[in-house]
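Q: What follows is entry_10.pdb, made up of PDB, C-alpha atoms:
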```pdb
ATOM      1  CA  MET C   1      20.517 -19.945   8.955
ATOM      2  CA  LYS C   2      20.058 -16.184   9.271
ATOM      3  CA  GLU C   3      23.815 -15.733   9.766
ATOM      4  CA  PHE C   4      24.406 -17.753   6.598
ATOM      5  CA  PHE C   5      22.149 -15.476   4.543
ATOM      6  CA  GLU C   6      23.673 -12.337   6.081
ATOM      7  CA  ASP C   7      27.095 -13.628   5.045
ATOM      8  CA  ILE C   8      25.997 -14.554   1.518
ATOM      9  CA  PHE C   9      24.397 -11.174   0.899
ATOM     10  CA  GLU C  10      27.423  -9.364   2.343
ATOM     11  CA  TYR C  11      29.566 -11.315  -0.134
ATOM     12  CA  HIS C  12      27.289 -10.473  -3.079
ATOM     13  CA  ASN C  13      27.089  -6.794  -2.143
ATOM     14  CA  HIS C  14      30.860  -6.596  -1.739
ATOM     15  CA  PHE C  15      31.562  -8.044  -5.177
ATOM     16  CA  ASN C  16      28.669  -6.259  -6.874
ATOM     17  CA  GLN C  17      30.218  -2.998  -5.713
ATOM     18  CA  LYS C  18      33.690  -4.077  -6.888
ATOM     19  CA  LEU C  19      32.333  -5.230 -10.261
ATOM     20  CA  ILE C  20      30.484  -1.938 -10.712
ATOM     21  CA  GLU C  21      33.753  -0.098 -10.060
ATOM     22  CA  GLN C  22      35.551  -2.283 -12.615
ATOM     23  CA  LEU C  23      32.785  -1.734 -15.166
ATOM     24  CA  ALA C  24      32.962   2.025 -14.602
ATOM     25  CA  GLU C  25      36.727   1.970 -15.211
ATOM     26  CA  ASN C  26      36.167   0.094 -18.487
ATOM     27  CA  GLU C  27      32.759   1.400 -19.554
ATOM     28  CA  ASN C  28      33.880   2.202 -23.106
ATOM     29  CA  ALA C  29      35.213  -1.335 -23.650
ATOM     30  CA  ILE C  30      32.418  -3.539 -22.266
ATOM     31  CA  THR C  31      29.733  -5.218 -24.346
ATOM     32  CA  LYS C  32      26.286  -3.665 -24.773
ATOM     33  CA  ARG C  33      24.639  -6.394 -22.723
ATOM     34  CA  THR C  34      26.827  -6.036 -19.619
ATOM     35  CA  ILE C  35      25.153  -3.076 -17.884
ATOM     36  CA  PRO C  36      21.648  -4.372 -18.712
ATOM     37  CA  LEU C  37      22.632  -7.743 -17.143
ATOM     38  CA  LEU C  38      23.881  -5.967 -14.041
ATOM     39  CA  SER C  39      20.746  -3.812 -13.921
ATOM     40  CA  HIS C  40      18.554  -6.912 -14.262
ATOM     41  CA  SER C  41      20.337  -8.670 -11.389
ATOM     42  CA  ILE C  42      19.945  -5.660  -9.136
ATOM     43  CA  ASN C  43      16.322  -5.158 -10.193
ATOM     44  CA  ALA C  44      15.547  -8.790  -9.387
ATOM     45  CA  GLN C  45      16.765  -8.432  -5.808
ATOM     46  CA  GLN C  46      14.715  -5.258  -5.399
ATOM     47  CA  ILE C  47      11.640  -6.998  -6.838
ATOM     48  CA  TRP C  48      11.986 -10.009  -4.526
ATOM     49  CA  ASN C  49      12.550  -7.755  -1.516
ATOM     50  CA  ALA C  50       9.447  -5.785  -2.499
ATOM     51  CA  ARG C  51       7.399  -8.970  -2.833
ATOM     52  CA  ILE C  52       8.310  -9.832   0.743
ATOM     53  CA  THR C  53       7.630  -6.329   2.093
ATOM     54  CA  ASN C  54       4.717  -5.389  -0.201
ATOM     55  CA  ASP C  55       6.571  -2.381  -1.662
ATOM     56  CA  GLN C  56       6.689  -0.938  -5.167
ATOM     57  CA  THR C  57       8.969  -2.751  -7.609
ATOM     58  CA  LEU C  58      11.359  -1.736 -10.336
ATOM     59  CA  GLY C  59      10.897  -3.142 -13.821
ATOM     60  CA  VAL C  60      12.665  -6.474 -14.258
ATOM     61  CA  HIS C  61      14.551  -5.209 -17.329
ATOM     62  CA  GLU C  62      14.805  -1.543 -16.310
ATOM     63  CA  ASN C  63      18.276  -0.223 -17.152
ATOM     64  CA  HIS C  64      20.332   1.972 -14.844
ATOM     65  CA  THR C  65      23.579   3.882 -15.004
ATOM     66  CA  LEU C  66      26.484   2.351 -13.121
ATOM     67  CA  LYS C  67      26.143   5.068 -10.479
ATOM     68  CA  GLN C  68      22.472   4.115 -10.026
ATOM     69  CA  CYS C  69      23.400   0.416  -9.913
ATOM     70  CA  LYS C  70      25.850   1.115  -7.099
ATOM     71  CA  ARG C  71      23.212   2.978  -5.079
ATOM     72  CA  ILE C  72      20.369   0.510  -5.722
ATOM     73  CA  ASP C  73      22.600  -2.451  -4.900
ATOM     74  CA  ASN C  74      23.450  -0.921  -1.510
ATOM     75  CA  GLU C  75      19.779  -0.144  -0.862
ATOM     76  CA  ASN C  76      18.861  -3.730  -1.779
ATOM     77  CA  TYR C  77      21.552  -5.122   0.507
ATOM     78  CA  ASN C  78      20.334  -3.089   3.478
ATOM     79  CA  ARG C  79      16.703  -4.005   2.757
ATOM     80  CA  THR C  80      17.597  -7.698   2.528
ATOM     81  CA  LEU C  81      19.447  -7.507   5.864
ATOM     82  CA  ASN C  82      16.340  -5.933   7.417
ATOM     83  CA  ILE C  83      14.194  -8.747   6.043
ATOM     84  CA  ILE C  84      16.579 -11.351   7.466
ATOM     85  CA  ALA C  85      16.599  -9.653  10.868
ATOM     86  CA  GLU C  86      12.881  -8.896  11.122
ATOM     87  CA  ARG C  87      11.147 -11.848   9.464
ATOM     88  CA  GLU C  88      11.024 -15.599   9.993
ATOM     89  CA  LEU C  89      12.750 -17.508   7.199
ATOM     90  CA  ASN C  90       9.984 -20.124   7.073
ATOM     91  CA  GLU C  91       7.318 -17.435   6.565
ATOM     92  CA  ILE C  92       5.358 -18.080   3.361
ATOM     93  CA  ILE C  93       5.062 -15.201   0.924
ATOM     94  CA  ILE C  94       2.189 -15.133  -1.547
ATOM     95  CA  TYR C  95       3.081 -13.084  -4.622
ATOM     96  CA  ALA C  96       2.268 -12.716  -8.289
ATOM     97  CA  ASN C  97       4.909 -12.879 -10.995
ATOM     98  CA  SER C  98       5.138 -10.349 -13.832
ATOM     99  CA  LYS C  99       2.435 -12.288 -15.730
ATOM    100  CA  GLY C 100       0.018 -12.161 -12.779
ATOM    101  CA  THR C 101       0.309 -15.833 -11.798
ATOM    102  CA  GLU C 102       0.196 -16.350  -8.035
ATOM    103  CA  PHE C 103       2.856 -18.381  -6.194
ATOM    104  CA  ARG C 104       3.821 -19.239  -2.617
ATOM    105  CA  ASN C 105       7.387 -19.581  -1.354
ATOM    106  CA  SER C 106       9.162 -19.228   1.966
ATOM    107  CA  ILE C 107      11.448 -16.276   2.587
ATOM    108  CA  GLN C 108      14.317 -18.761   2.843
ATOM    109  CA  GLN C 109      13.563 -20.102  -0.647
ATOM    110  CA  ILE C 110      13.331 -16.569  -2.017
ATOM    111  CA  LEU C 111      16.644 -15.528  -0.452
ATOM    112  CA  PHE C 112      18.350 -18.623  -1.837
ATOM    113  CA  HIS C 113      16.907 -17.847  -5.260
ATOM    114  CA  ILE C 114      18.210 -14.255  -5.146
ATOM    115  CA  ALA C 115      21.707 -15.445  -4.214
ATOM    116  CA  ASN C 116      21.700 -18.058  -7.004
ATOM    117  CA  HIS C 117      20.407 -15.494  -9.484
ATOM    118  CA  PHE C 118      23.296 -13.156  -8.650
ATOM    119  CA  SER C 119      25.822 -15.969  -9.122
ATOM    120  CA  HIS C 120      24.370 -16.856 -12.514
ATOM    121  CA  HIS C 121      24.470 -13.325 -13.881
ATOM    122  CA  LYS C 122      27.790 -12.490 -12.226
ATOM    123  CA  GLY C 123      29.272 -15.329 -14.278
ATOM    124  CA  GLN C 124      27.795 -13.840 -17.445
ATOM    125  CA  ILE C 125      29.208 -10.406 -16.601
ATOM    126  CA  ILE C 126      32.648 -11.901 -15.962
ATOM    127  CA  SER C 127      32.430 -13.698 -19.302
ATOM    128  CA  ASP C 128      31.532 -10.386 -20.968
ATOM    129  CA  LEU C 129      34.571  -8.741 -19.388
ATOM    130  CA  ARG C 130      36.856 -11.487 -20.691
ATOM    131  CA  GLN C 131      35.325 -11.210 -24.184
ATOM    132  CA  SER C 132      36.084  -7.493 -24.046
ATOM    133  CA  GLY C 133      39.738  -8.207 -23.212
ATOM    134  CA  ILE C 134      39.356  -7.105 -19.593
ATOM    135  CA  ASN C 135      40.814  -9.239 -16.805
ATOM    136  CA  PRO C 136      37.887  -9.533 -14.353
ATOM    137  CA  ILE C 137      38.277  -9.365 -10.609
ATOM    138  CA  VAL C 138      38.156 -12.685  -8.779
ATOM    139  CA  THR C 139      34.696 -13.064  -7.257
ATOM    140  CA  ASP C 140      34.874 -16.602  -5.843
ATOM    141  CA  TYR C 141      33.266 -16.875  -2.424
ATOM    142  CA  ILE C 142      36.177 -18.856  -0.969
ATOM    143  CA  PHE C 143      38.658 -16.109  -1.940
ATOM    144  CA  TYR C 144      36.389 -13.587  -0.264
ATOM    145  CA  LYS C 145      36.422 -15.615   2.957
ATOM    146  CA  ARG C 146      40.216 -16.016   2.917
TER     147      ARG C 146
END
```
Rewrite the structure from the file as structure tokens, please.

A:
Amino acid sequence: MKEFFEDIFEYHNHFNQKLIEQLAENENAITKRTIPLLSHSINAQQIWNARITNDQTLGVHENHTLKQCKRIDNENYNRTLNIIAERELNEIIIYANSKGTEFRNSIQQILFHIANHFSHHKGQIISDLRQSGINPIVTDYIFYKR
């Protein structure tokens, strides 16, 4: 299972970096919600990583420049790989959400959630690119594996 998560996060990091490059090339043409969506996705991974490792978190809706997004995404990817390598996937994490409510989930559940969250918002970003008249890169997992 650890190899699966390493592969999934490699895929997400690869296409996050490519999407950031495409957004930078078209920054004047994209919608106003696109970079905040990207920032939110990247923040969410950092927040979940920090919940697992008991580190400081970014704000869930904190906005970043594309250059910052590129850097934070790579930091998140490396931190997630460390978590996968160093922790047991069935380990239960007790954390509080942004409203202070306490929850318990396994690291495996959290990692799956992060990956799903990226897919959801990546689809929104691709939709934004199309609405802006920009032909988005292909980000399908199966194309990545080919």

Q: Using only C-alpha atoms, which protein or nucleic acid residues come within 9 Å of C:Tyr77? Drop anything in the same chain fewer than 4 positions from it, and give the result as a list in words.

A: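 Near neighbours after the sequence-gap exclusion: Phe9, Glu10, His12, Asn13, Gln45, Ile72, Asp73, Leu81 and Asn82 of chain C.
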
Q: Produce a file of the selected residues containing C-alpha atoms, as an mmCIF file, in the coordinates of the input.

A:
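See selection_39.cif below for the written result:
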```
data_model
loop_
_atom_site.group_PDB
_atom_site.id
_atom_site.type_symbol
_atom_site.label_atom_id
_atom_site.label_comp_id
_atom_site.auth_asym_id
_atom_site.auth_seq_id
_atom_site.Cartn_x
_atom_site.Cartn_y
_atom_site.Cartn_z
ATOM 1 C CA PHE C 9 24.397 -11.174 0.899
ATOM 2 C CA GLU C 10 27.423 -9.364 2.343
ATOM 3 C CA HIS C 12 27.289 -10.473 -3.079
ATOM 4 C CA ASN C 13 27.089 -6.794 -2.143
ATOM 5 C CA GLN C 45 16.765 -8.432 -5.808
ATOM 6 C CA ILE C 72 20.369 0.510 -5.722
ATOM 7 C CA ASP C 73 22.600 -2.451 -4.900
ATOM 8 C CA LEU C 81 19.447 -7.507 5.864
ATOM 9 C CA ASN C 82 16.340 -5.933 7.417
#
```

Q: Would you kindly translate the PyMOL selection byres ((chain C and resi 115) around 9) into the concrete residues it picks from this file, as JSON, numbers by chain?

A: {"C": [5, 8, 9, 12, 45, 110, 111, 112, 113, 114, 116, 117, 118, 119, 120]}

Q: Using all atoms listed in the file, can you list as JSON, numbers by chain the residues within 8 Å of (7.8, -13.0, -8.5)?

A: {"C": [47, 48, 51, 95, 96, 97, 98, 103]}

Q: Between atom CA of C:Gln131 and atom CA of C:Asn76, what is the spacing in Å?

A: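 A separation of 28.8 Å between them.
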
Q: In Å, with one decimal, what is the gap from atom CA of C:Arg104 to atom CA of C:Lys122?

A: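 Between these atoms lies a distance of 26.7 Å.
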
Q: What separation in Å, quoted to one decimal, exists between atom CA of C:Gly100 and atom CA of C:Ser39?

A: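 Here the two named atoms are 22.4 Å from each other.
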
Q: I'd like to see the residues matched by the PyMOL selection byres ((chain C and resi 30-33) around 12) on this file, and ideally I'd get them as a ChimeraX atom specification.

A: /C:20,22-29,34-40,61,63,121,124-136

Q: Would you please work out which residue, of C:Asn105, C:Asn16, C:Asn90, C:Asn49, is nearest to C:Cys69 when using only C-alpha atoms?

A: C:Asn16

Q: Apply the PyMOL selection byres ((chain C and resi 107) around 9) to the file shown and report the selected residues as a list of chain:residue names.

A: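 Taken over the shown coordinates, the PyMOL selection byres ((chain C and resi 107) around 9) returns C:Ile52, C:Ile83, C:Ile84, C:Arg87, C:Glu88, C:Leu89, C:Asn90, C:Glu91, C:Ile92, C:Ile93, C:Asn105, C:Ser106, C:Gln108, C:Gln109, C:Ile110, C:Leu111, C:Phe112.
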
Q: When you count all atoms listed in the file, which of these residues is closest to C:Gly59: C:Asn43, C:Thr80, C:Gln17, C:Asn74?

A: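 Counting all atoms listed in the file, the residue closest to C:Gly59 is C:Asn43.
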